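Below you'll find the structure, written out as structure tokens, and then a few comments.
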There are 2 protein chains.
Amino acid sequence: MSELRKDPATGRWIITGTRTESDFFDMLNNPKPIATEECFFCEGNEHLTLPEIYAVRNPGTARNGSGWQIRVVPSKSAVFTSDEQLVKIGYGIYDWMKNIGAHELIIETPQHIKNICDLSYDQITSILQVYKERMADLARDERFKYCLIFKNQRPKSPIRYGHAHSQLVALPFIPKLIKDEFSAAREYFSYKERCVYCDIVRQEQKERKRIVEENGDYISFVPYAAKFAFELCIIPKNHNSDYSKESAVSIANLANILKISLQKISRVLNDPPLSYVLHTAPYPRLVHGSWLTIEKDYHWHIEIYPQVSEIMGFELGSGVHIQPLLPEICAKMLKEAK
Amino acid sequence: MSELRKDPATGRWIITGTRTESDFFDMLNNPKPIATEECFFCEGNEHLTLPEIYAVRNPGTARNGSGWQIRVVPSKSAVFTSDEQLVKIGYGIYDWMKNIGAHELIIETPQHIKNICDLSYDQITSILQVYKERMADLARDERFKYCLIFKNQRPKSPIRYGHAHSQLVALPFIPKLIKDEFSAAREYFSYKERCVYCDIVRQEQKERKRIVEENGDYISFVPYAAKFAFELCIIPKNHNSDYSKESAVSIANLANILKISLQKISRVLNDPPLSYVLHTAPYPRLVHGSWLTIEKDYHWHIEIYPQVSEIMGFELGSGVHIQPLLPEICAKMLKEAK
């Protein structure tokens, strides 16, 4: 049974106990799934997943059958339970919480397509719309403070993990990295009376050295202090702290720039493994008095991390990344990629 | 030419521009060094490294020749320059610094031994003593604010990267993760009037569920909220913020517990790749008025991270680690390992 634990020396929560000893060593000794195993996510294999939570379906088709465009199912991994009361206990100086949370898989296509950027604009627009729907639905659960949507894309993985999907995790605490972004944004705002992300957008638009793609609502750029080579940030040009408040028109524009950005990364780095994360405001009711501040200070965005280097001792122990290629070089190569 | 850049949205410094475009793609397409390449670090190959900065040598032997026990040489990688003035520039909202710093390799043995835990106690004691010497020497450079010592151990690497060595990086800023530890320790102290690490030591000694090894001066334990399976923390039982103030007797005791801890990890996980980092106080003169606080609040320690799982989107995007095995299970297995 998994648990949430907080490190008193850093204030970071972790999730632990998701596997038994024998599971863990099985996984360690046989890390790769069997290449011939059937794909859990393909149309026709709906019985291989847990029952669906939500789906975009063709009219007249039945739940958990075929005839869908996007399907959301609970993850089978034992990271969270959702049926229990949120229990919080202190053991001496240590803080413990029951493993309350949600972990959902958003299956992005009924076909066995690996790369989200190979889907149509319309399909990607629907996926980004599903992100909104699921965030809003889970907001009704008073135990959750934050909803993180992310994707791990492994185009060279064996069949079972290759099928395009995103993941959603709803948590009873705000993750440390996100809290750090809120604090930095708040500090900046209190000094300058401006949103730091709005200032970044303005400076990138003025310098035009790191912008890779731009449309009516968004820019996609290599951050000035990117942590990874060919990292991209996609951000709305207009201030908005909360992804779930974007209009349908804006979401369609986001689909457009996300598709192009990922296509360019695939082209330059020959279809690398990558991850992206959507950083947005926490669920509002739980931020008490400071909600108004977050709305002004913070600005949602997507961070895309191509995985082209190992994270080793220096990065793990200092939080300082060594990013080999100057961001301006990365931006130029991505911009020029067809 | 590399640079230091700060992300205004998180306050994190990164190091970038360490490679050219063609270097980067060469490395990406041929990540492994040639297996037959000569080891740069073996006795007799002193000409393959840059000239030595420091060495523990047999009496009468010449610099940069054979006859040494431990050798410290500058890294050949172009991460830092050390010959220049520290220049700091703001570009609009972005902060930039010249790549001032030191990056040294501490070659731990003249023989081609891969695993530091296979060296003798006396040899490990000397290595830990060299850490002190190098830290103290670099402290004289007023440009440096922090000195981080770490090790990446890859026992299954091809010959060139296999030879046991540690690395030292001196930086003109305090890394974000270390700053976070200082802040958390200060917050705890200001609330409780006690060092959080001293409290952790006391609670671990009382519970005895996560301690793997103990001697007169140190405990080695799996942290309550470990980020990685079989992670260990080695910490002095007596309060001390600054590694370089440990006595020769204490350093010998540290060598003892470090050797045993690493041997146990090797046994349980079959010689895994691992990293360790030494977290200590920053160079005192540079913390101005708050130095006295750090001395009381903070407590140096070594964190050992076996690398048995990939760091993917969820961890990168949230800072929340999913650590599959309960720390108490890891501690039990390590404790019982011969």
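We name chains A, B, ... following the order of the structure tokens; residues begin at 1 in each chain, and ligands are numbered from 1 as shown.
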
Exercise answer, chain A residues close to chain B, 7 Å and only C-alpha atoms, as a PyMOL selection string: chain A and resi 5-7+9-11+13-21+150-152+175-178+180-181+184-185+196+224-225+227+275-277+312-314+317-326

Suppose we keep N, CA and C atoms; can you now write the selection as a short mmCIF file (atom, residue, chain, number, x, y, z; two decimals), in the first residue's frame?
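Written output follows (again03.cif):
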data_model
loop_
_atom_site.label_atom_id
_atom_site.label_comp_id
_atom_site.auth_asym_id
_atom_site.auth_seq_id
_atom_site.Cartn_x
_atom_site.Cartn_y
_atom_site.Cartn_z
N ARG A 5 4.84 10.84 1.86
CA ARG A 5 5.71 11.22 2.97
C ARG A 5 6.43 12.52 2.64
N LYS A 6 6.68 13.31 3.67
CA LYS A 6 7.33 14.60 3.47
C LYS A 6 8.71 14.58 4.10
N ASP A 7 9.70 15.06 3.35
CA ASP A 7 11.06 15.17 3.85
C ASP A 7 11.18 16.45 4.68
N ALA A 9 13.66 17.91 5.81
CA ALA A 9 14.85 18.72 5.51
C ALA A 9 14.69 19.52 4.21
N THR A 10 13.67 19.24 3.41
CA THR A 10 13.50 19.99 2.16
C THR A 10 12.05 20.43 1.94
N GLY A 11 11.12 19.85 2.67
CA GLY A 11 9.72 20.19 2.48
C GLY A 11 9.09 19.51 1.28
N TRP A 13 7.29 16.49 -0.72
CA TRP A 13 6.54 15.25 -0.57
C TRP A 13 7.04 14.23 -1.59
N ILE A 14 7.02 12.96 -1.21
CA ILE A 14 7.28 11.90 -2.18
C ILE A 14 6.17 10.86 -2.05
N ILE A 15 6.09 10.00 -3.07
CA ILE A 15 5.13 8.90 -3.08
C ILE A 15 5.96 7.64 -2.94
N THR A 16 5.64 6.81 -1.97
CA THR A 16 6.46 5.60 -1.80
C THR A 16 5.59 4.38 -1.53
N GLY A 17 6.22 3.22 -1.67
CA GLY A 17 5.50 1.97 -1.40
C GLY A 17 4.57 1.57 -2.51
N THR A 18 4.88 1.96 -3.75
CA THR A 18 4.01 1.59 -4.87
C THR A 18 4.26 0.16 -5.35
N ARG A 19 5.36 -0.44 -4.90
CA ARG A 19 5.64 -1.82 -5.31
C ARG A 19 6.09 -2.67 -4.12
N THR A 20 5.88 -3.96 -4.24
CA THR A 20 6.41 -4.88 -3.24
C THR A 20 7.86 -5.18 -3.61
N GLU A 21 8.55 -5.79 -2.64
CA GLU A 21 9.95 -6.14 -2.86
C GLU A 21 10.12 -7.03 -4.11
N PHE A 150 0.73 15.40 -17.75
CA PHE A 150 2.05 15.24 -18.36
C PHE A 150 2.04 14.10 -19.36
N LYS A 151 3.08 14.03 -20.16
CA LYS A 151 3.21 12.98 -21.16
C LYS A 151 4.65 12.48 -21.15
N ASN A 152 4.80 11.16 -21.19
CA ASN A 152 6.09 10.54 -21.47
C ASN A 152 5.95 9.85 -22.81
N PRO A 175 2.83 20.22 -5.54
CA PRO A 175 4.21 19.73 -5.67
C PRO A 175 5.22 20.85 -5.49
N LYS A 176 6.37 20.48 -4.94
CA LYS A 176 7.42 21.44 -4.58
C LYS A 176 7.84 22.34 -5.75
N LEU A 177 8.06 21.75 -6.93
CA LEU A 177 8.53 22.55 -8.07
C LEU A 177 7.51 23.60 -8.48
N ILE A 178 6.24 23.23 -8.38
CA ILE A 178 5.17 24.14 -8.78
C ILE A 178 5.05 25.25 -7.73
N ASP A 180 7.46 26.34 -5.97
CA ASP A 180 8.61 27.21 -6.21
C ASP A 180 8.31 28.21 -7.33
N GLU A 181 7.61 27.75 -8.37
CA GLU A 181 7.23 28.67 -9.45
C GLU A 181 6.28 29.75 -8.92
N ALA A 184 8.34 32.24 -6.81
CA ALA A 184 9.19 33.12 -7.62
C ALA A 184 8.32 34.15 -8.35
N ALA A 185 7.16 33.71 -8.85
CA ALA A 185 6.28 34.62 -9.58
C ALA A 185 5.73 35.69 -8.64
N VAL A 196 5.94 37.81 -14.20
CA VAL A 196 7.25 37.49 -14.76
C VAL A 196 7.12 36.79 -16.13
N TYR A 224 15.47 31.00 -22.01
CA TYR A 224 16.79 31.63 -21.87
C TYR A 224 17.72 30.76 -21.03
N ALA A 225 17.19 30.11 -20.00
CA ALA A 225 18.00 29.24 -19.14
C ALA A 225 17.40 27.83 -19.15
N LYS A 227 16.84 23.92 -19.18
CA LYS A 227 17.54 22.87 -18.43
C LYS A 227 18.05 21.76 -19.35
N SER A 275 9.30 14.26 -22.72
CA SER A 275 8.20 14.44 -21.79
C SER A 275 7.69 15.86 -21.94
N TYR A 276 6.40 16.06 -21.66
CA TYR A 276 5.97 17.44 -21.44
C TYR A 276 5.08 17.51 -20.22
N VAL A 277 5.02 18.68 -19.62
CA VAL A 277 4.17 18.89 -18.44
C VAL A 277 3.41 20.19 -18.61
N MET A 312 22.62 13.07 -13.76
CA MET A 312 23.56 12.38 -12.87
C MET A 312 23.78 13.16 -11.57
N GLY A 313 24.86 12.81 -10.88
CA GLY A 313 25.10 13.33 -9.53
C GLY A 313 25.06 14.84 -9.40
N PHE A 314 25.68 15.54 -10.33
CA PHE A 314 25.75 16.99 -10.21
C PHE A 314 24.35 17.61 -10.25
N GLY A 317 22.26 16.51 -7.18
CA GLY A 317 22.70 17.02 -5.90
C GLY A 317 22.69 18.53 -5.79
N SER A 318 22.54 19.23 -6.92
CA SER A 318 22.60 20.69 -6.87
C SER A 318 21.37 21.35 -7.48
N GLY A 319 20.65 20.61 -8.31
CA GLY A 319 19.54 21.23 -9.05
C GLY A 319 20.03 22.12 -10.18
N VAL A 320 21.34 22.16 -10.40
CA VAL A 320 21.90 22.96 -11.49
C VAL A 320 22.08 22.05 -12.71
N HIS A 321 21.47 22.41 -13.81
CA HIS A 321 21.60 21.59 -15.01
C HIS A 321 22.73 22.13 -15.90
N ILE A 322 23.46 21.19 -16.50
CA ILE A 322 24.43 21.56 -17.52
C ILE A 322 23.77 21.27 -18.85
N GLN A 323 23.48 22.32 -19.58
CA GLN A 323 22.75 22.19 -20.83
C GLN A 323 23.75 22.51 -21.94
N PRO A 324 24.20 21.49 -22.66
CA PRO A 324 25.38 21.67 -23.51
C PRO A 324 25.26 22.71 -24.62
N LEU A 325 24.09 22.85 -25.23
CA LEU A 325 23.98 23.72 -26.41
C LEU A 325 23.31 25.05 -26.07
N LEU A 326 23.88 26.14 -26.46
CA LEU A 326 23.27 27.45 -26.20
C LEU A 326 21.82 27.48 -26.70
#

task: Would you mind writing down, as a PyMOL selection string, each residue of region 103-151 of chain B that DSSP on the backbone assigns to helix (DSSP H, G or I)?
output: chain B and resi 116-118+121-139

For the residues selected in the previous step, produce a file with C-alpha atoms as a PDB file, in the first residue's frame.
ATOM      1  CA  ILE B 116      35.475   3.216  -4.307  1.00  0.00           C
ATOM      2  CA  CYS B 117      34.213   0.652  -1.783  1.00  0.00           C
ATOM      3  CA  ASP B 118      36.819  -1.818  -3.053  1.00  0.00           C
ATOM      4  CA  TYR B 121      39.837   2.147   4.656  1.00  0.00           C
ATOM      5  CA  ASP B 122      43.123   4.022   4.701  1.00  0.00           C
ATOM      6  CA  GLN B 123      42.816   4.944   1.052  1.00  0.00           C
ATOM      7  CA  ILE B 124      39.200   6.110   1.466  1.00  0.00           C
ATOM      8  CA  THR B 125      40.255   8.118   4.520  1.00  0.00           C
ATOM      9  CA  SER B 126      42.899   9.857   2.395  1.00  0.00           C
ATOM     10  CA  ILE B 127      40.345  10.585  -0.332  1.00  0.00           C
ATOM     11  CA  LEU B 128      37.967  12.178   2.178  1.00  0.00           C
ATOM     12  CA  GLN B 129      40.899  14.167   3.542  1.00  0.00           C
ATOM     13  CA  VAL B 130      41.656  15.399   0.002  1.00  0.00           C
ATOM     14  CA  TYR B 131      38.041  16.619  -0.223  1.00  0.00           C
ATOM     15  CA  LYS B 132      38.799  18.813   2.810  1.00  0.00           C
ATOM     16  CA  GLU B 133      42.092  20.092   1.388  1.00  0.00           C
ATOM     17  CA  ARG B 134      40.614  21.032  -1.970  1.00  0.00           C
ATOM     18  CA  MET B 135      37.591  22.731  -0.398  1.00  0.00           C
ATOM     19  CA  ALA B 136      39.879  24.764   1.846  1.00  0.00           C
ATOM     20  CA  ASP B 137      42.212  25.700  -0.993  1.00  0.00           C
ATOM     21  CA  LEU B 138      39.381  26.905  -3.243  1.00  0.00           C
ATOM     22  CA  ALA B 139      37.878  28.872  -0.345  1.00  0.00           C
TER      23      ALA B 139
END

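The interatomic distance for the pair CA of Glu84 (chain A) and CA of Asn99 (chain A) works out to 8.9 Å.
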
I want to know what sits within 12 Å of Gln69 (chain B), based on only C-alpha atoms, with residues of the same chain fewer than 3 positions away left out; could you give that as a JSON list (two decimals) with N, CA and C atoms, in the first residue's frame?
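Saved the output as around.json:
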[["chain", "number", "residue", "atom", "x", "y", "z"],
["B", 41, "PHE", "N", 43.20, 7.67, -16.29],
["B", 41, "PHE", "CA", 43.44, 7.86, -14.86],
["B", 41, "PHE", "C", 44.44, 6.87, -14.27],
["B", 42, "CYS", "N", 44.83, 5.85, -15.04],
["B", 42, "CYS", "CA", 45.73, 4.84, -14.49],
["B", 42, "CYS", "C", 47.16, 5.38, -14.34],
["B", 43, "GLU", "N", 47.86, 4.83, -13.35],
["B", 43, "GLU", "CA", 49.27, 5.18, -13.15],
["B", 43, "GLU", "C", 50.04, 4.89, -14.44],
["B", 54, "TYR", "N", 47.10, 18.89, -7.33],
["B", 54, "TYR", "CA", 47.38, 18.41, -5.97],
["B", 54, "TYR", "C", 47.55, 16.91, -6.08],
["B", 55, "ALA", "N", 48.37, 16.33, -5.20],
["B", 55, "ALA", "CA", 48.49, 14.87, -5.20],
["B", 55, "ALA", "C", 48.96, 14.38, -3.85],
["B", 56, "VAL", "N", 48.56, 13.17, -3.51],
["B", 56, "VAL", "CA", 49.16, 12.46, -2.38],
["B", 56, "VAL", "C", 50.20, 11.54, -3.03],
["B", 57, "ARG", "N", 51.48, 11.84, -2.79],
["B", 57, "ARG", "CA", 52.56, 11.19, -3.55],
["B", 57, "ARG", "C", 53.54, 10.48, -2.63],
["B", 58, "ASN", "N", 54.15, 9.43, -3.14],
["B", 58, "ASN", "CA", 55.24, 8.78, -2.42],
["B", 58, "ASN", "C", 56.42, 9.75, -2.36],
["B", 59, "PRO", "N", 57.17, 9.73, -1.23],
["B", 59, "PRO", "CA", 58.28, 10.67, -1.09],
["B", 59, "PRO", "C", 59.24, 10.54, -2.28],
["B", 61, "THR", "N", 58.88, 11.34, -5.42],
["B", 61, "THR", "CA", 58.36, 11.22, -6.80],
["B", 61, "THR", "C", 58.08, 12.62, -7.35],
["B", 65, "GLY", "N", 54.26, 12.63, -12.61],
["B", 65, "GLY", "CA", 54.83, 11.33, -12.94],
["B", 65, "GLY", "C", 54.11, 10.26, -12.13],
["B", 66, "SER", "N", 54.62, 9.03, -12.15],
["B", 66, "SER", "CA", 53.98, 7.96, -11.38],
["B", 66, "SER", "C", 54.41, 8.06, -9.91],
["B", 72, "VAL", "N", 44.74, 14.98, -8.11],
["B", 72, "VAL", "CA", 43.66, 15.90, -8.46],
["B", 72, "VAL", "C", 44.08, 16.66, -9.71],
["B", 106, "ILE", "N", 39.08, 14.11, -8.89],
["B", 106, "ILE", "CA", 39.90, 13.53, -7.82],
["B", 106, "ILE", "C", 40.06, 12.04, -8.14],
["B", 107, "ILE", "N", 41.22, 11.68, -8.65],
["B", 107, "ILE", "CA", 41.47, 10.29, -9.06],
["B", 107, "ILE", "C", 41.85, 9.52, -7.81],
["B", 108, "GLU", "N", 41.04, 8.50, -7.49],
["B", 108, "GLU", "CA", 41.06, 7.95, -6.14],
["B", 108, "GLU", "C", 42.07, 6.84, -5.92],
["B", 109, "THR", "N", 42.63, 6.33, -7.01],
["B", 109, "THR", "CA", 43.57, 5.22, -6.90],
["B", 109, "THR", "C", 44.43, 5.14, -8.16],
["B", 110, "PRO", "N", 45.70, 4.75, -8.04],
["B", 110, "PRO", "CA", 46.52, 4.59, -9.25],
["B", 110, "PRO", "C", 46.14, 3.33, -10.04],
["B", 111, "GLN", "N", 45.51, 2.35, -9.38],
["B", 111, "GLN", "CA", 45.11, 1.13, -10.09],
["B", 111, "GLN", "C", 43.75, 1.30, -10.76],
["B", 119, "LEU", "N", 38.33, -0.03, -2.33],
["B", 119, "LEU", "CA", 39.61, 0.50, -1.83],
["B", 119, "LEU", "C", 39.69, 0.26, -0.32],
["B", 120, "SER", "N", 40.92, 0.38, 0.22],
["B", 120, "SER", "CA", 41.10, 0.14, 1.67],
["B", 120, "SER", "C", 40.54, 1.32, 2.48],
["B", 122, "ASP", "N", 42.12, 2.96, 4.67],
["B", 122, "ASP", "CA", 43.12, 4.02, 4.70],
["B", 122, "ASP", "C", 43.06, 4.88, 3.44],
["B", 123, "GLN", "N", 42.88, 4.21, 2.31],
["B", 123, "GLN", "CA", 42.82, 4.94, 1.05],
["B", 123, "GLN", "C", 41.57, 5.84, 1.02],
["B", 124, "ILE", "N", 40.44, 5.30, 1.47],
["B", 124, "ILE", "CA", 39.20, 6.11, 1.47],
["B", 124, "ILE", "C", 39.35, 7.28, 2.44],
["B", 125, "THR", "N", 40.00, 7.03, 3.57],
["B", 125, "THR", "CA", 40.25, 8.12, 4.52],
["B", 125, "THR", "C", 41.07, 9.22, 3.84],
["B", 126, "SER", "N", 42.09, 8.85, 3.10],
["B", 126, "SER", "CA", 42.90, 9.86, 2.39],
["B", 126, "SER", "C", 42.07, 10.62, 1.38],
["B", 127, "ILE", "N", 41.19, 9.92, 0.67],
["B", 127, "ILE", "CA", 40.35, 10.59, -0.33],
["B", 127, "ILE", "C", 39.47, 11.64, 0.34],
["B", 130, "VAL", "N", 41.40, 14.56, 1.19],
["B", 130, "VAL", "CA", 41.66, 15.40, 0.00],
["B", 130, "VAL", "C", 40.44, 16.30, -0.28]]

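Residue-level DSSP output for region 151-274 of chain A, from the backbone, shows strand (DSSP E or B) at Lys151, Asn152, Gln153, His165, Ser166, Gln167, Leu168, Val169, Ala170, Leu171, Ile211, Val212, Glu213, Glu214, Tyr218, Ile219, Ser220, Phe221, Leu232, Cys233, Ile234, Ile235, Pro236 and Leu274 of chain A.
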
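Taking only C-alpha atoms into account, Ile257 (chain B) lies nearest to B:Ser220 out of the set B:Thr293, B:Thr280, B:Ser220, B:Asn240.
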
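Atom to atom, CA of Glu37 (chain B) and CA of Val73 (chain B) stand 19.5 Å apart.
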
message: As an exercise, work out the distance from CA of Cys233 (chain B) to CA of Phe221 (chain B) in Å and give it to one decimal place.
response: 5.4 Å

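When only C-alpha atoms are used to measure the gap to Ile251 (chain A), the shortest distance among A:Pro284, A:Leu105, A:Ile235, A:His163 belongs to A:Ile235.
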